[in-house]
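Engineer: Just passing along the structure, written as structure tokens.
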Amino acid sequence: MTTAAIRFPTADEVPESARVDASRWANRYLIGGEVREWSGESAEVRSPICHPAADGTLARAMVGRAPMLDADEANRALAAAKAAWNHGRGEWPNARPARRIGCLERFVEGMLRVREDVVRLLMWEIGKTRKDSESEFDRTVVYVRDTIDALKEQDRSAGRFVMEEGTIGQIRRSPLGVVLCMGPFNYPLNETFTTLIPAVLMGNTVVSKLPKYGALLHLPLLDAMREAFPAGVVNIVQGDGPKVIGPIMQSGDVDVLAFIGTSRVANILKKQHPRPNRLRCITGLEAKNPAIVLPDANLDVAVAECVSGALSYNGQRCTAIKLVLVHESIAGKFVSRLCDAVDALPAGMPWDPGVKLTPLVEDDKPKWMASMVEDAVNKGAMVVNTLGGKTVGTFYRPAVVYPVKPDMQLYSQEQFGPIVPVATFREDAEIDAFMRSSPYGQQVALFGSDSRRLAGLIDALVNQVSRINVNTQCRRGPDTFPFTGRKDSAEGTLSVSDALRAFSIRATVATASNEENKRIMTEIVTGRLSSFLTTDFVF
Ligand code: G3H
């Protein structure tokens, strides 16, 4: 590990405790309750971790092979999900919550058996540190368990009749149909499961297309999925987006699109649906969350939170701080401390203890980072930290760029990587103006100690973003808090309990309150004649 650039290991130098043999799961996918092996076209999966050759050149390590399914196979996955849904008459959408919960609990047991494989694949496929990879896995398990508890809670309050204006009714949440789930590369496990799990638990059936980076780590889980869920309830496919997702969306048979990625791709997918009025969308898209540092901010806190907020997982988080707006009166002091803290971050391989900075997975990401920095430098900014921008293969050392101005890409475009752009402001109205002109509206972080001034900013910003963090960085968690955004940042809300609502619709059985109808309702309930109309609930 080093605080300068980075040294990539030879294959022999990789510790035993970090190695993984992905050939065990090569080319696997799940359709209709069957784990299949694809014999058609497949693609190499290359790691952001490079190995040096004898001549000093670097080559990305091979992790495994991913199946490049074709349109026919994609249609088979969709057909399996449709059959399991069966116009809402399938076994799964009609199963009682206790049955679905039992399947989910079984799945969690299977998940835990392959934890180490998934963690190692996270390190190799997307370059996430072991600590963060373990935390992604464990957080996902907790999320599944909390979702089960939230469903029990929901079920307990839904299992009663209401009497209103001479009408008796029972109102429950019911599933929506076939859900297409697509998670992102930066949280490939967690952000796939935070939509897939609530969707399935509510009785929907799912086709999940795995992300281009971060696909293999799902494959050790396929057996657990096959064992836990009835055939067709969960289908997992891989391949080239347009080839695999195009036919699925164009069929018009997707009822819900759960997509975490860019608004550009989300819009392409939505437009492919022939009856968009039928399509519900739950999306998590881009963000450009600013940190605002006021003159009276505690600089120890502000610097530490901005560094971690901007550079955890190399800045590749939708919630990352992507611009720091610091008051001009303290800008010099703040920037100097920020630079020291950024340059002190240890860089290395994901398995190195204490490592914070790691190689980047996306093709040509260092070049993309360099071009955004170049744009700013050409317009008058500078890379102000000593190590900023040092590049070795897939590794790019974080650059603090200052002073960033509105005409520079880094002021308004999402960098999604290791750059910390810093701009100054004089009047608080400039912060309001920044948010008004931004196409995004996810979160802000405010650093200061004057309650009156903070209150003014909270009121100015609260209807422009979805979460304001005071003296702390932007983040998604705790997962019981609503996670959403305004403008081009999100559609729908995902928290443990909100997700159950997002993947369901309220359905009502109502009748006029008279003796005959009361008799019928009573007989249905006491005779346990209906799965829907019941006062049963799960403890
Ligand atoms: O990429 C966006 C993630 O939802 C961020 O989650 O704030 O917990 O890192 P996080």
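Here, A, B, ... name the chains of the structure tokens in the order displayed, residue numbers run from 1 inside each chain, and ligands are numbered from 1 in the same displayed order.
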Residues at most 6 Å from ligand 1, using only C-alpha atoms and all ligand atoms? Could they come as a PDB file with N, CA and C atoms, in the first residue's frame?
Structural biologist:
ATOM      1  N   ARG A 317     -20.159   6.779  -6.129  1.00  0.00           N
ATOM      2  CA  ARG A 317     -21.445   6.572  -5.445  1.00  0.00           C
ATOM      3  C   ARG A 317     -22.377   7.673  -5.909  1.00  0.00           C
ATOM      4  N   CYS A 318     -23.650   7.309  -6.113  1.00  0.00           N
ATOM      5  CA  CYS A 318     -24.568   8.362  -6.548  1.00  0.00           C
ATOM      6  C   CYS A 318     -24.702   9.421  -5.468  1.00  0.00           C
ATOM      7  N   THR A 319     -24.517   9.025  -4.197  1.00  0.00           N
ATOM      8  CA  THR A 319     -24.664   9.976  -3.092  1.00  0.00           C
ATOM      9  C   THR A 319     -23.369  10.735  -2.789  1.00  0.00           C
ATOM     10  N   ARG A 475     -25.482  10.553   2.177  1.00  0.00           N
ATOM     11  CA  ARG A 475     -25.465   9.086   2.135  1.00  0.00           C
ATOM     12  C   ARG A 475     -26.892   8.562   2.014  1.00  0.00           C
ATOM     13  N   ARG A 476     -26.969   7.280   1.681  1.00  0.00           N
ATOM     14  CA  ARG A 476     -28.273   6.633   1.546  1.00  0.00           C
ATOM     15  C   ARG A 476     -28.829   6.200   2.908  1.00  0.00           C
ATOM     16  N   GLY A 477     -27.968   5.643   3.742  1.00  0.00           N
ATOM     17  CA  GLY A 477     -28.412   5.021   4.983  1.00  0.00           C
ATOM     18  C   GLY A 477     -28.809   6.020   6.036  1.00  0.00           C
TER      19      GLY A 477
END
Engineer: Any idea what's packed within 7 Å of Arg60 of chain A, counting only C-alpha atoms, ignoring anything in its chain fewer than 2 positions away? Could you give it as a ChimeraX atom specification?
Structural biologist: /A:46-51,58,62
Engineer: Could you write those residues out with N, CA and C atoms, as a CSV table (one decimal), in the first residue's frame?
Structural biologist:
chain,number,residue,atom,x,y,z
A,46,ARG,N,-13.0,-8.7,-17.2
A,46,ARG,CA,-11.7,-8.2,-16.8
A,46,ARG,C,-11.8,-7.4,-15.5
A,47,SER,N,-10.8,-7.6,-14.6
A,47,SER,CA,-10.8,-6.8,-13.4
A,47,SER,C,-10.2,-5.4,-13.5
A,48,PRO,N,-10.5,-4.5,-12.7
A,48,PRO,CA,-9.8,-3.3,-12.6
A,48,PRO,C,-8.4,-3.5,-12.1
A,49,ILE,N,-8.1,-4.6,-11.4
A,49,ILE,CA,-6.8,-4.9,-10.9
A,49,ILE,C,-6.0,-5.4,-12.1
A,50,CYS,N,-4.8,-4.8,-12.2
A,50,CYS,CA,-3.9,-5.2,-13.3
A,50,CYS,C,-2.8,-6.1,-12.8
A,51,HIS,N,-2.1,-6.8,-13.7
A,51,HIS,CA,-0.9,-7.5,-13.4
A,51,HIS,C,0.2,-7.0,-14.4
A,58,LEU,N,1.0,-3.1,-18.3
A,58,LEU,CA,0.0,-3.6,-17.3
A,58,LEU,C,-1.2,-4.2,-18.1
A,62,MET,N,-7.9,-11.3,-15.7
A,62,MET,CA,-9.1,-12.0,-16.1
A,62,MET,C,-9.8,-12.5,-14.9
Engineer: Return the single residue from A:Ser371, A:Leu454, A:Glu286, A:Leu387 that is closest to Gly485 of chain A, with distances computed using only C-alpha atoms.
Structural biologist: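 The answer is A:Glu286, which sits nearest to Gly485 of chain A.
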Engineer: Using only C-alpha atoms, find the one residue out of A:Thr526, A:Asn190, A:Thr472, A:Gln250 that sits nearest to Val303 of chain A.
Structural biologist: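 Of the candidates, the smallest distance to Val303 of chain A is held by A:Thr472.
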Engineer: Per DSSP on the backbone, what are the alpha helix (DSSP H) residues of segment 353-443 of chain A, as an MDAnalysis selection string?
Structural biologist: chainID A and resid 365:378 409:412 429:437
Engineer: Would you pick out the contacts of Arg19 of chain A at 12 Å or less, using only C-alpha atoms, so that residues sharing its chain but fewer than 3 positions from it are not included, and give the list as a PyMOL selection string?
Structural biologist: chain A and resi 11-16+22+61+63+116-125+350-351
Engineer: Save out the residues we just selected, C-alpha atoms, as a PDB file, in the first residue's frame.
Structural biologist:
ATOM      1  CA  ALA A  11      -0.541 -12.965 -10.022  1.00  0.00           C
ATOM      2  CA  ASP A  12       1.759 -14.810  -7.590  1.00  0.00           C
ATOM      3  CA  GLU A  13       1.778 -11.892  -5.171  1.00  0.00           C
ATOM      4  CA  VAL A  14      -2.004 -12.013  -4.677  1.00  0.00           C
ATOM      5  CA  PRO A  15      -2.597 -13.398  -1.178  1.00  0.00           C
ATOM      6  CA  GLU A  16      -4.406 -16.723  -0.891  1.00  0.00           C
ATOM      7  CA  ALA A  22     -14.822 -17.825 -11.028  1.00  0.00           C
ATOM      8  CA  ALA A  61      -6.554  -9.538 -14.755  1.00  0.00           C
ATOM      9  CA  VAL A  63     -11.858 -12.771 -13.601  1.00  0.00           C
ATOM     10  CA  GLU A 116     -16.833 -15.142   1.046  1.00  0.00           C
ATOM     11  CA  ASP A 117     -17.137 -15.951  -2.686  1.00  0.00           C
ATOM     12  CA  VAL A 118     -19.314 -12.904  -3.267  1.00  0.00           C
ATOM     13  CA  VAL A 119     -16.975 -10.650  -1.264  1.00  0.00           C
ATOM     14  CA  ARG A 120     -13.921 -11.813  -3.227  1.00  0.00           C
ATOM     15  CA  LEU A 121     -15.724 -11.356  -6.526  1.00  0.00           C
ATOM     16  CA  LEU A 122     -16.726  -7.829  -5.476  1.00  0.00           C
ATOM     17  CA  MET A 123     -13.049  -7.048  -4.873  1.00  0.00           C
ATOM     18  CA  TRP A 124     -11.941  -8.483  -8.219  1.00  0.00           C
ATOM     19  CA  GLU A 125     -14.803  -7.363 -10.416  1.00  0.00           C
ATOM     20  CA  PRO A 350      -8.840  -4.061  -2.407  1.00  0.00           C
ATOM     21  CA  TRP A 351      -7.528  -6.684   0.014  1.00  0.00           C
TER      22      TRP A 351
END
Engineer: What lies within 12 Å of Ala291 of chain A using only C-alpha atoms, ignoring chain neighbours under 3 positions off, as a PyMOL selection string?
Structural biologist: chain A and resi 288+294+297+302-303+305-310+319-327+420-425+431+434-435+443-448+468-474
Engineer: Next, write the just-selected residues to a file, as a compact mmCIF listing (two decimals), in the first residue's frame, keeping C-alpha atoms as the atom set.
Structural biologist:
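This went into again.txt:
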# COMPACT_ATOMS: atom_id res chain seq x y z
CA LYS A 288 -24.36 16.27 -8.20
CA LEU A 294 -19.99 28.03 5.83
CA ALA A 297 -17.93 25.42 10.06
CA ALA A 302 -16.02 19.48 7.30
CA VAL A 303 -12.70 18.25 5.86
CA GLU A 305 -16.69 14.41 5.96
CA CYS A 306 -15.92 15.96 2.56
CA VAL A 307 -13.00 13.57 2.00
CA SER A 308 -14.98 10.51 2.95
CA GLY A 309 -18.16 11.81 1.27
CA ALA A 310 -16.36 12.59 -1.99
CA THR A 319 -24.66 9.98 -3.09
CA ALA A 320 -21.03 11.14 -3.24
CA ILE A 321 -20.22 14.80 -2.64
CA LYS A 322 -19.42 15.92 -6.18
CA LEU A 323 -18.79 19.64 -5.63
CA VAL A 324 -17.65 21.56 -2.56
CA LEU A 325 -18.90 25.15 -2.31
CA VAL A 326 -16.77 26.81 0.36
CA HIS A 327 -17.22 30.35 1.65
CA VAL A 420 -13.02 16.79 -5.69
CA PRO A 421 -14.00 20.06 -7.40
CA VAL A 422 -14.01 23.07 -5.06
CA ALA A 423 -15.74 26.39 -5.85
CA THR A 424 -16.23 29.45 -3.66
CA PHE A 425 -19.30 31.50 -2.81
CA ILE A 431 -26.10 28.21 -3.17
CA PHE A 434 -26.62 26.51 -7.89
CA MET A 435 -29.43 24.14 -6.91
CA GLN A 443 -28.99 15.66 -1.45
CA VAL A 444 -26.81 18.43 -0.01
CA ALA A 445 -24.44 18.52 2.95
CA LEU A 446 -24.30 21.73 5.00
CA PHE A 447 -21.35 22.45 7.30
CA GLY A 448 -21.69 25.30 9.80
CA ILE A 468 -30.24 17.78 3.72
CA ASN A 469 -27.34 16.54 5.83
CA VAL A 470 -26.12 18.89 8.55
CA ASN A 471 -22.44 18.59 9.49
CA THR A 472 -22.31 15.16 7.94
CA GLN A 473 -21.76 13.80 4.45
CA CYS A 474 -24.49 12.74 1.99
Engineer: Report, in Å with one decimal, the straight-line distance from atom CA of Val234 of chain A to atom CA of Ile505 of chain A.
Structural biologist: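 Between atom CA of Val234 of chain A and atom CA of Ile505 of chain A the gap is 20.1 Å.
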Engineer: Tell me which protein, DNA and RNA residues are within 7 Å of Arg173 of chain A, counting only C-alpha atoms, leaving out same-chain ones fewer than 5 positions away, and put them as a VMD selection string.
Structural biologist: chain A and resid 504 to 507
Engineer: What does the file look like for those residues with C-alpha atoms, as a PDB file, in the first residue's frame?
Structural biologist:
ATOM      1  CA  SER A 504     -47.402  -2.889  -4.962  1.00  0.00           C
ATOM      2  CA  ILE A 505     -50.774  -1.295  -5.437  1.00  0.00           C
ATOM      3  CA  ARG A 506     -53.636  -1.110  -2.995  1.00  0.00           C
ATOM      4  CA  ALA A 507     -56.506  -3.427  -3.838  1.00  0.00           C
TER       5      ALA A 507
END
Engineer: Quick one: everything within 10 Å of segment 491-501 of chain A, counting only C-alpha atoms, minus sequence neighbours fewer than 5 positions away in the same chain. Send it as an MDAnalysis selection string.
Structural biologist: chainID A and resid 143:151 153:154 173:175 194:202 258:259 280:285 476:486 506
Engineer: Suppose you want the space between atom CA of Thr10 of chain A and atom CA of Leu311 of chain A; what is it in Å?
Structural biologist: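 Computing the Euclidean distance for atom CA of Thr10 of chain A and atom CA of Leu311 of chain A yields 26.5 Å.
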